[in-house]
>>> print(open('my_file30.csv').read())   # CSV, C-alpha atoms and all ligand atoms
chain,number,residue,atom,x,y,z
A,1,MET,CA,0.0,0.0,0.0
A,2,SER,CA,2.8,2.4,0.8
A,3,ASN,CA,6.5,2.7,0.1
A,4,PHE,CA,7.4,3.4,3.7
A,5,TYR,CA,6.7,1.9,7.1
A,6,THR,CA,6.1,3.5,10.5
A,7,MET,CA,8.0,0.9,12.5
A,8,LYS,CA,9.6,-2.5,12.1
A,9,TYR,CA,10.9,-4.8,14.9
A,10,ASP,CA,13.6,-7.4,14.4
A,11,ASP,CA,15.8,-9.2,16.9
A,12,GLY,CA,15.7,-6.5,19.6
A,13,VAL,CA,16.0,-3.5,17.3
A,14,LEU,CA,13.0,-1.3,16.6
A,15,THR,CA,13.5,0.7,13.4
A,16,VAL,CA,11.2,3.7,13.0
A,17,LEU,CA,10.8,6.3,10.3
A,18,ASP,CA,12.0,9.6,12.0
A,19,GLN,CA,8.9,11.7,11.5
A,20,THR,CA,10.6,14.9,12.7
A,21,LEU,CA,12.6,14.9,9.4
A,22,LEU,CA,9.6,14.5,7.0
A,23,PRO,CA,8.8,15.6,4.4
A,24,THR,CA,12.3,16.5,3.3
A,25,ASN,CA,14.3,13.5,4.6
A,26,GLU,CA,13.0,9.9,4.8
A,27,VAL,CA,15.4,8.6,7.5
A,28,TYR,CA,14.9,5.4,9.5
A,29,ILE,CA,16.5,5.3,13.0
A,30,GLU,CA,17.3,2.2,15.1
A,31,LEU,CA,16.0,2.1,18.7
A,32,LYS,CA,18.1,-0.3,20.7
A,33,THR,CA,17.5,0.8,24.3
A,34,VAL,CA,14.5,1.8,26.5
A,35,GLN,CA,16.0,5.3,26.6
A,36,ASP,CA,16.1,5.4,22.7
A,37,VAL,CA,12.4,4.4,22.7
A,38,TYR,CA,11.4,7.0,25.3
A,39,ASP,CA,13.3,9.7,23.5
A,40,ALA,CA,11.8,8.8,20.1
A,41,ILE,CA,8.3,9.1,21.5
A,42,LYS,CA,9.0,12.3,23.5
A,43,ARG,CA,10.5,14.2,20.5
A,44,LEU,CA,7.8,12.8,18.2
A,45,SER,CA,10.0,10.7,15.9
A,46,VAL,CA,7.2,8.2,16.5
A,47,ARG,CA,3.9,9.9,17.2
A,48,GLY,CA,0.1,9.3,16.9
A,49,ALA,CA,-1.8,7.5,19.6
A,50,PRO,CA,-1.8,3.9,18.2
A,51,ALA,CA,1.8,4.1,17.0
A,52,ILE,CA,3.3,5.2,20.3
A,53,GLY,CA,1.4,2.3,22.0
A,54,VAL,CA,2.8,-0.4,19.8
A,55,CYS,CA,6.3,1.3,19.9
A,56,ALA,CA,6.2,1.2,23.7
A,57,ALA,CA,5.2,-2.4,23.7
A,58,TYR,CA,8.3,-3.2,21.6
A,59,GLY,CA,10.2,-1.0,24.1
A,60,LEU,CA,9.4,-3.6,26.7
A,61,ALA,CA,10.8,-6.3,24.5
A,62,ILE,CA,14.0,-4.3,24.3
A,63,SER,CA,13.9,-3.9,28.1
A,64,ALA,CA,13.6,-7.6,28.6
A,65,ARG,CA,16.4,-8.4,26.2
A,66,SER,CA,18.7,-6.1,28.2
A,67,ARG,CA,18.0,-8.1,31.3
A,68,ILE,CA,18.4,-11.6,29.9
A,69,ASN,CA,21.3,-12.5,32.2
A,70,GLY,CA,19.6,-11.5,35.5
A,71,ASP,CA,17.4,-13.2,38.0
A,72,ILE,CA,13.8,-13.6,36.8
A,73,GLY,CA,12.3,-11.6,39.7
A,74,ILE,CA,14.8,-8.7,39.1
A,75,MET,CA,14.1,-8.9,35.4
A,76,LEU,CA,10.3,-8.6,35.9
A,77,SER,CA,10.6,-5.7,38.3
A,78,GLY,CA,13.0,-3.9,35.9
A,79,ILE,CA,10.5,-4.4,33.0
A,80,LYS,CA,7.8,-2.9,35.2
A,81,GLN,CA,9.9,0.1,36.0
A,82,ASP,CA,10.7,0.6,32.3
A,83,ALA,CA,6.9,0.4,31.5
A,84,ALA,CA,6.3,3.2,34.0
A,85,TYR,CA,9.1,5.2,32.5
A,86,LEU,CA,7.8,4.7,28.9
A,87,SER,CA,4.3,5.6,30.0
A,88,SER,CA,5.5,8.9,31.4
A,89,SER,CA,6.8,10.0,27.9
A,90,ARG,CA,3.5,11.4,26.8
A,91,PRO,CA,0.4,11.7,29.0
A,92,THR,CA,-2.6,12.3,26.7
A,93,ALA,CA,-2.9,9.3,24.4
A,94,VAL,CA,-4.3,6.4,26.5
A,95,ASN,CA,-3.0,3.9,23.9
A,96,LEU,CA,0.4,4.2,25.5
A,97,LYS,CA,-0.7,3.0,28.9
A,98,TYR,CA,-3.1,0.4,27.3
A,99,ALA,CA,-0.3,-1.2,25.3
A,100,LEU,CA,2.1,-1.3,28.2
A,101,ASP,CA,-0.5,-2.7,30.6
A,102,ARG,CA,-1.4,-5.3,28.1
A,103,VAL,CA,2.2,-6.6,28.0
A,104,LEU,CA,2.5,-6.5,31.8
A,105,ASP,CA,-0.8,-8.5,32.0
A,106,VAL,CA,0.7,-11.1,29.8
A,107,LEU,CA,3.7,-11.4,32.1
A,108,CYS,CA,1.5,-11.6,35.2
A,109,SER,CA,-0.5,-14.4,33.6
A,110,MET,CA,2.6,-16.6,32.9
A,111,SER,CA,2.7,-19.6,35.2
A,112,GLY,CA,4.8,-22.6,35.9
A,113,SER,CA,8.6,-22.4,35.4
A,114,TYR,CA,9.8,-20.1,32.7
A,115,THR,CA,13.1,-18.6,31.6
A,116,PRO,CA,14.2,-15.1,30.6
A,117,SER,CA,13.9,-16.2,27.0
A,118,ASP,CA,10.3,-17.2,27.5
A,119,ILE,CA,9.6,-13.7,28.9
A,120,ILE,CA,11.2,-12.0,25.9
A,121,ALA,CA,9.2,-14.3,23.5
A,122,ALA,CA,5.9,-13.6,25.3
A,123,ILE,CA,6.5,-9.8,25.0
A,124,GLU,CA,7.4,-10.0,21.4
A,125,VAL,CA,4.4,-12.1,20.6
A,126,GLU,CA,2.1,-9.6,22.3
A,127,ALA,CA,3.7,-6.6,20.7
A,128,ASP,CA,3.4,-8.3,17.2
A,129,ARG,CA,-0.2,-9.1,18.0
A,130,MET,CA,-1.0,-5.4,18.8
A,131,ARG,CA,0.7,-4.4,15.5
A,132,CYS,CA,-1.4,-6.8,13.5
A,133,GLU,CA,-4.6,-5.9,15.4
A,134,ASP,CA,-3.9,-2.2,14.6
A,135,ALA,CA,-3.9,-2.8,10.9
A,136,ASN,CA,-7.2,-4.8,11.0
A,137,THR,CA,-8.8,-2.3,13.3
A,138,ASN,CA,-7.9,0.6,11.1
A,139,ARG,CA,-9.2,-1.0,8.0
A,140,ASN,CA,-12.5,-1.6,9.7
A,141,ILE,CA,-12.6,2.0,10.9
A,142,GLY,CA,-12.0,3.1,7.3
A,143,GLU,CA,-14.9,0.9,6.0
A,144,ASN,CA,-17.2,2.3,8.6
A,145,LEU,CA,-16.2,5.9,7.8
A,146,LEU,CA,-16.6,5.2,4.1
A,147,SER,CA,-20.2,4.3,4.7
A,148,LEU,CA,-20.8,7.9,5.9
A,149,LEU,CA,-19.3,9.4,2.7
A,150,HIS,CA,-20.4,9.7,-0.9
A,151,ASP,CA,-18.5,9.5,-4.2
A,152,GLY,CA,-17.1,12.9,-4.9
A,153,ASP,CA,-17.1,14.1,-1.3
A,154,THR,CA,-14.5,16.5,0.2
A,155,VAL,CA,-13.4,16.0,3.8
A,156,LEU,CA,-11.3,18.3,6.0
A,157,THR,CA,-8.9,16.8,8.5
A,158,HIS,CA,-6.6,18.1,11.2
A,159,CYS,CA,-3.1,16.9,12.3
A,160,ASN,CA,-2.1,13.4,11.1
A,161,ALA,CA,-4.1,10.3,11.9
A,162,GLY,CA,-2.7,8.3,8.9
A,163,ILE,CA,-0.4,5.5,8.3
A,164,LEU,CA,2.4,7.4,10.1
A,165,ALA,CA,0.3,7.7,13.3
A,166,THR,CA,-0.4,3.9,13.3
A,167,THR,CA,1.1,0.9,11.7
A,168,ALA,CA,-1.1,0.7,8.6
A,169,TYR,CA,-4.0,2.7,7.0
A,170,GLY,CA,-4.4,5.2,9.8
A,171,THR,CA,-7.7,6.0,11.4
A,172,ALA,CA,-9.0,9.3,10.0
A,173,LEU,CA,-7.1,8.8,6.8
A,174,SER,CA,-8.1,5.1,6.4
A,175,PRO,CA,-11.2,5.9,4.2
A,176,PHE,CA,-9.1,7.7,1.7
A,177,TYR,CA,-6.8,4.7,1.2
A,178,LEU,CA,-9.8,2.4,1.0
A,179,ALA,CA,-11.6,4.7,-1.5
A,180,LYS,CA,-8.5,4.7,-3.6
A,181,GLU,CA,-8.5,0.9,-3.6
A,182,LYS,CA,-12.2,0.8,-4.5
A,183,GLY,CA,-12.1,3.6,-7.2
A,184,ILE,CA,-14.2,6.0,-5.1
A,185,ASP,CA,-13.4,9.7,-5.6
A,186,LEU,CA,-12.7,11.6,-2.4
A,187,HIS,CA,-10.9,14.9,-1.8
A,188,VAL,CA,-9.1,16.0,1.3
A,189,TYR,CA,-8.3,19.4,2.8
A,190,ALA,CA,-5.5,19.1,5.3
A,191,ASP,CA,-5.0,21.7,8.0
A,192,GLU,CA,-1.3,22.4,8.3
A,193,THR,CA,-1.5,22.0,12.2
A,194,ARG,CA,0.7,24.5,14.0
A,195,PRO,CA,3.0,24.4,15.8
A,196,LEU,CA,4.6,21.2,14.6
A,197,LEU,CA,2.9,21.0,11.2
A,198,GLN,CA,1.8,17.4,11.3
A,199,GLY,CA,-0.8,18.2,8.7
A,200,ALA,CA,1.6,19.8,6.3
A,201,ARG,CA,4.6,17.6,6.9
A,202,LEU,CA,2.9,14.3,7.4
A,203,THR,CA,-0.7,14.1,6.2
A,204,ALA,CA,0.1,16.0,3.0
A,205,TRP,CA,3.2,13.8,2.5
A,206,GLU,CA,1.6,10.4,3.0
A,207,LEU,CA,-1.6,11.3,1.0
A,208,CYS,CA,0.5,12.7,-1.9
A,209,GLU,CA,2.7,9.5,-1.8
A,210,ALA,CA,-0.5,7.4,-2.2
A,211,GLY,CA,-1.9,9.6,-5.0
A,212,VAL,CA,-4.9,10.8,-2.9
A,213,ASP,CA,-6.2,14.3,-4.0
A,214,VAL,CA,-5.1,16.5,-1.1
A,215,THR,CA,-5.1,20.3,-0.7
A,216,LEU,CA,-3.1,21.9,2.1
A,217,ILE,CA,-4.4,24.9,4.0
A,218,CYS,CA,-3.1,27.0,6.8
A,219,ASP,CA,-5.1,26.5,10.0
A,220,ASN,CA,-6.6,30.0,9.8
A,221,MET,CA,-8.2,29.2,6.4
A,222,ALA,CA,-10.6,26.5,7.6
A,223,ALA,CA,-13.5,28.9,8.1
A,224,SER,CA,-13.1,30.4,4.7
A,225,VAL,CA,-12.9,27.0,3.1
A,226,MET,CA,-15.9,25.7,5.0
A,227,SER,CA,-17.9,28.8,4.0
A,228,THR,CA,-17.7,27.8,0.3
A,229,GLY,CA,-20.1,24.9,1.0
A,230,ASN,CA,-17.6,22.4,-0.5
A,231,ILE,CA,-16.7,20.5,2.7
A,232,ASN,CA,-19.0,17.5,3.3
A,233,ALA,CA,-17.4,16.3,6.6
A,234,VAL,CA,-14.6,16.8,9.1
A,235,ILE,CA,-12.8,13.6,10.0
A,236,VAL,CA,-10.1,13.6,12.7
A,237,GLY,CA,-8.4,11.0,14.9
A,238,CYS,CA,-8.1,11.2,18.6
A,239,ASP,CA,-5.8,10.5,21.6
A,240,ARG,CA,-8.4,9.8,24.2
A,241,VAL,CA,-12.2,9.6,24.2
A,242,ALA,CA,-13.8,10.1,27.6
A,243,ALA,CA,-16.8,8.0,28.7
A,244,ASN,CA,-19.2,10.8,27.8
A,245,GLY,CA,-17.7,11.2,24.3
A,246,ASP,CA,-15.6,14.3,25.0
A,247,THR,CA,-12.5,13.8,22.8
A,248,ALA,CA,-8.9,14.9,23.1
A,249,ASN,CA,-7.1,15.4,19.8
A,250,LYS,CA,-4.4,17.6,18.4
A,251,ILE,CA,-4.6,21.3,19.5
A,252,GLY,CA,-6.9,23.1,17.1
A,253,THR,CA,-9.4,20.3,16.7
A,254,TYR,CA,-11.8,22.0,19.0
A,255,GLY,CA,-11.7,25.2,16.9
A,256,VAL,CA,-12.4,23.1,13.7
A,257,ALA,CA,-15.4,21.5,15.4
A,258,VAL,CA,-16.8,24.8,16.5
A,259,LEU,CA,-16.5,26.1,12.9
A,260,ALA,CA,-18.1,22.9,11.5
A,261,LYS,CA,-21.0,23.3,13.8
A,262,HIS,CA,-21.5,26.9,12.5
A,263,PHE,CA,-21.5,25.6,8.9
A,264,GLY,CA,-23.6,22.5,9.6
A,265,ILE,CA,-20.8,20.1,8.7
A,266,PRO,CA,-20.7,16.8,10.6
A,267,VAL,CA,-17.6,16.0,12.7
A,268,TYR,CA,-16.6,12.4,12.8
A,269,ILE,CA,-14.1,11.0,15.3
A,270,ALA,CA,-12.1,8.0,14.0
A,271,THR,CA,-11.1,5.9,17.0
A,272,PRO,CA,-10.0,2.4,17.8
A,273,THR,CA,-11.7,1.2,20.9
A,274,THR,CA,-8.2,1.2,22.5
A,275,THR,CA,-8.3,5.0,22.5
A,276,ILE,CA,-11.6,5.1,24.5
A,277,ASP,CA,-11.0,5.5,28.2
A,278,MET,CA,-14.1,4.5,30.1
A,279,ASN,CA,-12.2,5.3,33.4
A,280,CYS,CA,-12.1,8.9,32.3
A,281,PRO,CA,-15.6,10.3,33.0
A,282,THR,CA,-15.3,13.6,31.0
A,283,GLY,CA,-12.9,15.7,29.0
A,284,ILE,CA,-11.9,17.6,32.1
A,285,ASP,CA,-10.3,14.4,33.4
A,286,ILE,CA,-8.0,14.0,30.3
A,287,PRO,CA,-4.4,15.0,31.0
A,288,ILE,CA,-3.2,17.4,28.4
A,289,GLU,CA,0.4,17.4,27.5
A,290,GLN,CA,2.2,20.8,27.7
A,291,ARG,CA,5.2,21.0,25.4
A,292,ASP,CA,8.2,23.3,25.3
A,293,GLY,CA,7.7,26.9,24.3
A,294,SER,CA,10.5,26.7,21.7
A,295,GLU,CA,8.1,24.7,19.4
A,296,VAL,CA,6.0,27.9,19.1
A,297,ARG,CA,8.8,30.5,19.1
A,298,THR,CA,10.8,28.9,16.4
A,299,LEU,CA,10.3,27.1,13.0
A,300,TYR,CA,13.1,24.8,11.8
A,301,GLY,CA,15.4,26.4,14.4
A,302,VAL,CA,14.7,29.9,13.2
A,303,ASN,CA,13.1,32.4,15.7
A,304,THR,CA,9.7,33.5,14.6
A,305,ALA,CA,9.0,35.3,17.8
A,306,PRO,CA,11.2,37.0,20.4
A,307,SER,CA,13.0,34.4,22.4
A,308,CYS,CA,11.9,36.1,25.7
A,309,VAL,CA,8.1,35.9,24.9
A,310,LYS,CA,5.9,33.7,27.1
A,311,VAL,CA,4.3,30.9,25.2
A,312,LEU,CA,1.4,28.5,25.8
A,313,ASN,CA,1.9,25.2,24.1
A,314,PRO,CA,-0.7,22.6,24.9
A,315,ALA,CA,-0.3,19.7,22.4
A,316,PHE,CA,-4.0,18.7,22.5
A,317,ASP,CA,-7.5,20.2,23.2
A,318,VAL,CA,-10.8,18.6,24.1
A,319,THR,CA,-13.7,18.8,21.7
A,320,PRO,CA,-17.0,18.6,23.7
A,321,ASN,CA,-19.2,15.7,22.8
A,322,GLU,CA,-22.1,18.0,21.6
A,323,LEU,CA,-19.9,19.0,18.6
A,324,ILE,CA,-19.4,15.4,17.5
A,325,ALA,CA,-21.8,13.9,15.0
A,326,ALA,CA,-20.4,10.3,15.3
A,327,ILE,CA,-17.6,8.4,16.9
A,328,VAL,CA,-16.5,5.7,14.5
A,329,THR,CA,-14.8,2.6,15.8
A,330,GLU,CA,-13.7,-0.7,14.3
A,331,HIS,CA,-17.0,-2.1,15.6
A,332,GLY,CA,-19.4,0.4,14.1
A,333,ILE,CA,-20.7,4.0,14.3
A,334,LEU,CA,-21.7,5.5,17.6
A,335,ARG,CA,-24.2,8.3,17.8
A,336,PRO,CA,-25.1,10.6,20.8
A,337,PRO,CA,-25.9,10.3,23.6
A,338,TYR,CA,-22.3,8.9,23.9
A,339,SER,CA,-22.5,8.0,27.6
A,340,GLN,CA,-25.0,5.4,26.5
A,341,SER,CA,-23.6,4.3,23.1
A,342,LEU,CA,-20.0,4.0,24.5
A,343,ALA,CA,-21.3,2.0,27.5
A,344,ASN,CA,-23.2,-0.3,25.1
A,345,LEU,CA,-20.0,-0.7,23.1
A,346,PHE,CA,-18.0,-1.9,26.0
A,347,ASN,CA,-20.8,-4.1,27.3
A,348,ASN,CA,-21.2,-5.8,23.9
A,349,PRO,CA,-18.5,-4.7,21.4
A,350,THR,CA,-20.0,-6.3,18.3
A,351,HIS,CA,-23.6,-5.1,18.7
A,352,GLU,CA,-23.5,-1.4,19.6
B,401,LIG,O1,1.3,15.1,18.9
B,401,LIG,P1,0.9,14.0,17.9
B,401,LIG,O2,1.5,14.2,16.5
B,401,LIG,O3,1.3,12.6,18.4
B,401,LIG,O4,-0.6,14.1,17.8
B,401,LIG,C1,-1.3,13.1,17.0
B,401,LIG,C2,-2.8,13.4,17.0
B,401,LIG,O5,-3.3,14.2,17.6
B,401,LIG,C3,-3.6,12.3,16.2
B,401,LIG,O6,-4.7,12.9,15.6
B,401,LIG,C4,-4.0,11.2,17.1
B,401,LIG,O7,-3.0,10.7,17.8
B,401,LIG,C5,-4.7,10.1,16.4
B,401,LIG,S1,-3.6,9.1,15.5
B,401,LIG,C6,-4.5,7.9,14.7
>>> encode(input="my_file30.csv", output="structure tokens")
Amino acid sequence: MSNFYTMKYDDGVLTVLDQTLLPTNEVYIELKTVQDVYDAIKRLSVRGAPAIGVCAAYGLAISARSRINGDIGIMLSGIKQDAAYLSSSRPTAVNLKYALDRVLDVLCSMSGSYTPSDIIAAIEVEADRMRCEDANTNRNIGENLLSLLHDGDTVLTHCNAGILATTAYGTALSPFYLAKEKGIDLHVYADETRPLLQGARLTAWELCEAGVDVTLICDNMAASVMSTGNINAVIVGCDRVAANGDTANKIGTYGVAVLAKHFGIPVYIATPTTTIDMNCPTGIDIPIEQRDGSEVRTLYGVNTAPSCVKVLNPAFDVTPNELIAAIVTEHGILRPPYSQSLANLFNNPTHE
């Protein structure tokens, strides 16, 4: 489907496409220590909720391999410590904690006598499983989103919820790849997504690579573009969906949703169920990552503001559930009231 990959794991080495260098340089870097994995997630070489989850799971395989010569008890407690460390790299996307907990659960459930090599194998199997599940999940999300669109539609998206943010297809971008496969004509407007330009650098890049018709706009053009009447839907990914449907996604999503409401355009949230946090009652309870001010003061290392100016740099905002027309998962399409439809989903995932 694509000529690049987000990540590949082989024999204790996780190779990732360094997304900080796109679109100008397509460089793969090798992550060989837990510190490498932490740093890659923190500086956004690997980013996007599902991708950082799977990446962290492989990080625990790397952790286990580094402890192969130790006592089993010490090995397990070291892996646990590394899981807590990796989990602290970025606080908003719940997929990170989900993936790490899933690996730790596998280790907890191991019984009988086992060796350090068995532990490594169990972690690698679980991480591989999550990577495969991600691809299937995203394809299903794409099919469900496609059922909400029509041939010829134009969709606006924000940030990057594509192949680069996952391991295959993406979530919000999945319908465009599927449409391409099926000969359905869809058009995309991509917000550039300040301050780190994931829309310009990543969404525009991967859609161009795939031959999807994409037009890049500055964030402040969204109202003007929507006012033309040519946008049929907004589709975005997310980092955490609260139990009432409030949704955290890249900073600026809230503004796009307010505009969409004004123009009567439906906002669809593309989410794997692993991004839904039923332990988080509302959006207020979602931790929002604050990033360094230098990301706003500079562009490619060049000052675009006085270096002394105070800066606010939240990486995400929360779109209130009343601005969301549907939450689209791999299992189906959820409609308001979300407290009810999300609860139904978790009580009976295949029959929401
Ligand atoms: O800071 P980023 O680039 O990791 O933010 C990514 C997003 O906000 C994505 O929209 C979200 O993680 C969904 S990815 C399928």
>>> residues_around(input="my_file30.csv", residues="Glu206 of chain A", least_positions_apart="2", cutoff="10 Å", atoms="only C-alpha atoms", output="list in words")
Ser2, Asn3, Phe4, Leu22, Pro23, Asn160, Gly162, Ile163, Leu164, Leu173, Gly199, Ala200, Arg201, Leu202, Thr203, Ala204, Cys208, Glu209, Ala210, Gly211, Val212 and Val214 of chain A
>>> residues_near_ligand(input="my_file30.csv", ligand="ligand LIG 401 (chain B)", cutoff="9 Å", atoms="all atoms listed in the file", output="short mmCIF file (atom, residue, chain, number, x, y, z; two decimals) with C-alpha atoms, in the frame of the given file")
data_model
loop_
_atom_site.label_atom_id
_atom_site.label_comp_id
_atom_site.auth_asym_id
_atom_site.auth_seq_id
_atom_site.Cartn_x
_atom_site.Cartn_y
_atom_site.Cartn_z
CA ILE A 41 8.30 9.10 21.50
CA LEU A 44 7.80 12.80 18.20
CA VAL A 46 7.20 8.20 16.50
CA ARG A 47 3.90 9.90 17.20
CA GLY A 48 0.10 9.30 16.90
CA ALA A 49 -1.80 7.50 19.60
CA PRO A 50 -1.80 3.90 18.20
CA ALA A 51 1.80 4.10 17.00
CA ILE A 52 3.30 5.20 20.30
CA ARG A 90 3.50 11.40 26.80
CA ALA A 93 -2.90 9.30 24.40
CA ASN A 138 -7.90 0.60 11.10
CA HIS A 158 -6.60 18.10 11.20
CA CYS A 159 -3.10 16.90 12.30
CA ASN A 160 -2.10 13.40 11.10
CA ALA A 161 -4.10 10.30 11.90
CA GLY A 162 -2.70 8.30 8.90
CA ILE A 163 -0.40 5.50 8.30
CA LEU A 164 2.40 7.40 10.10
CA ALA A 165 0.30 7.70 13.30
CA THR A 166 -0.40 3.90 13.30
CA GLY A 170 -4.40 5.20 9.80
CA THR A 171 -7.70 6.00 11.40
CA ALA A 172 -9.00 9.30 10.00
CA LEU A 173 -7.10 8.80 6.80
CA LEU A 196 4.60 21.20 14.60
CA LEU A 197 2.90 21.00 11.20
CA GLN A 198 1.80 17.40 11.30
CA VAL A 236 -10.10 13.60 12.70
CA GLY A 237 -8.40 11.00 14.90
CA CYS A 238 -8.10 11.20 18.60
CA ASP A 239 -5.80 10.50 21.60
CA ARG A 240 -8.40 9.80 24.20
CA ALA A 248 -8.90 14.90 23.10
CA ASN A 249 -7.10 15.40 19.80
CA LYS A 250 -4.40 17.60 18.40
CA ILE A 251 -4.60 21.30 19.50
CA THR A 253 -9.40 20.30 16.70
CA ALA A 270 -12.10 8.00 14.00
CA THR A 271 -11.10 5.90 17.00
CA PRO A 272 -10.00 2.40 17.80
CA THR A 275 -8.30 5.00 22.50
CA GLU A 289 0.40 17.40 27.50
CA ALA A 315 -0.30 19.70 22.40
CA PHE A 316 -4.00 18.70 22.50
#
>>> closest_residue(input="my_file30.csv", among="A:Gly245, A:Gly264, A:Pro91, A:Gly293", to="Leu334 of chain A", atoms="only C-alpha atoms")
A:Gly245
>>> closest_residue(input="my_file30.csv", among="A:Cys218, A:Ala179, A:Met7, A:Ala61", to="Met75 of chain A", atoms="all atoms listed in the file")
A:Ala61
>>> atom_distance(input="my_file30.csv", atom1="atom CA of Pro306 of chain A", atom2="atom CA of Asp292 of chain A")
14.9 Å
>>> closest_residue(input="my_file30.csv", among="A:Thr157, A:Asn244, A:Asn232, A:Thr282", to="Ser341 of chain A", atoms="all atoms listed in the file")
A:Asn244
>>> atom_distance(input="my_file30.csv", atom1="atom CA of Asp134 of chain A", atom2="atom CA of Asn313 of chain A")
29.6 Å
>>> closest_atom_pairs(input="my_file30.csv", of="segment 157-238 of chain A", to="segment 149-153 of chain A", cutoff="9 Å", atoms="only C-alpha atoms", output="Markdown table")
| residue | atom | partner | partner_atom | distance |
| --- | --- | --- | --- | --- |
| A:Pro175 | CA | A:Leu149 | CA | 9.0 |
| A:Ala179 | CA | A:Asp151 | CA | 8.8 |
| A:Ile184 | CA | A:Asp151 | CA | 5.6 |
| A:Asp185 | CA | A:Gly152 | CA | 4.9 |
| A:Leu186 | CA | A:Asp153 | CA | 5.2 |
| A:His187 | CA | A:Asp153 | CA | 6.3 |
| A:Val188 | CA | A:Asp153 | CA | 8.6 |
| A:Asn230 | CA | A:Asp153 | CA | 8.4 |
| A:Ile231 | CA | A:Asp153 | CA | 7.6 |
| A:Asn232 | CA | A:Asp153 | CA | 6.0 |
| A:Ala233 | CA | A:Leu149 | CA | 8.2 |
>>> residues_near_point(input="my_file30.csv", point="(18.7, -13.3, 33.4)", cutoff="12 Å", atoms="only C-alpha atoms", output="NGL selection string")
:A and (63-76 or 78 or 114-120)
>>> atom_distance(input="my_file30.csv", atom1="atom CA of Ser147 of chain A", atom2="atom CA of Asp213 of chain A")
19.3 Å
>>> closest_residue(input="my_file30.csv", among="A:Ser339, A:Asn140, A:Asp11, A:Ser109", to="Cys280 of chain A", atoms="only C-alpha atoms")
A:Ser339
>>> closest_residue(input="my_file30.csv", among="A:Val16, A:Val125, A:Ser89, A:Lys261", to="Arg291 of chain A", atoms="all atoms listed in the file")
A:Ser89
>>> closest_residue(input="my_file30.csv", among="A:Leu31, A:Leu323, A:Val54, A:Leu299", to="Pro195 of chain A", atoms="only C-alpha atoms")
A:Leu299
>>> residues_around(input="my_file30.csv", residues="Ala343 of chain A", least_positions_apart="6", cutoff="12 Å", atoms="only C-alpha atoms", output="PyMOL selection string")
chain A and resi 242-245+273+276-279+281+334-337+349+351-352
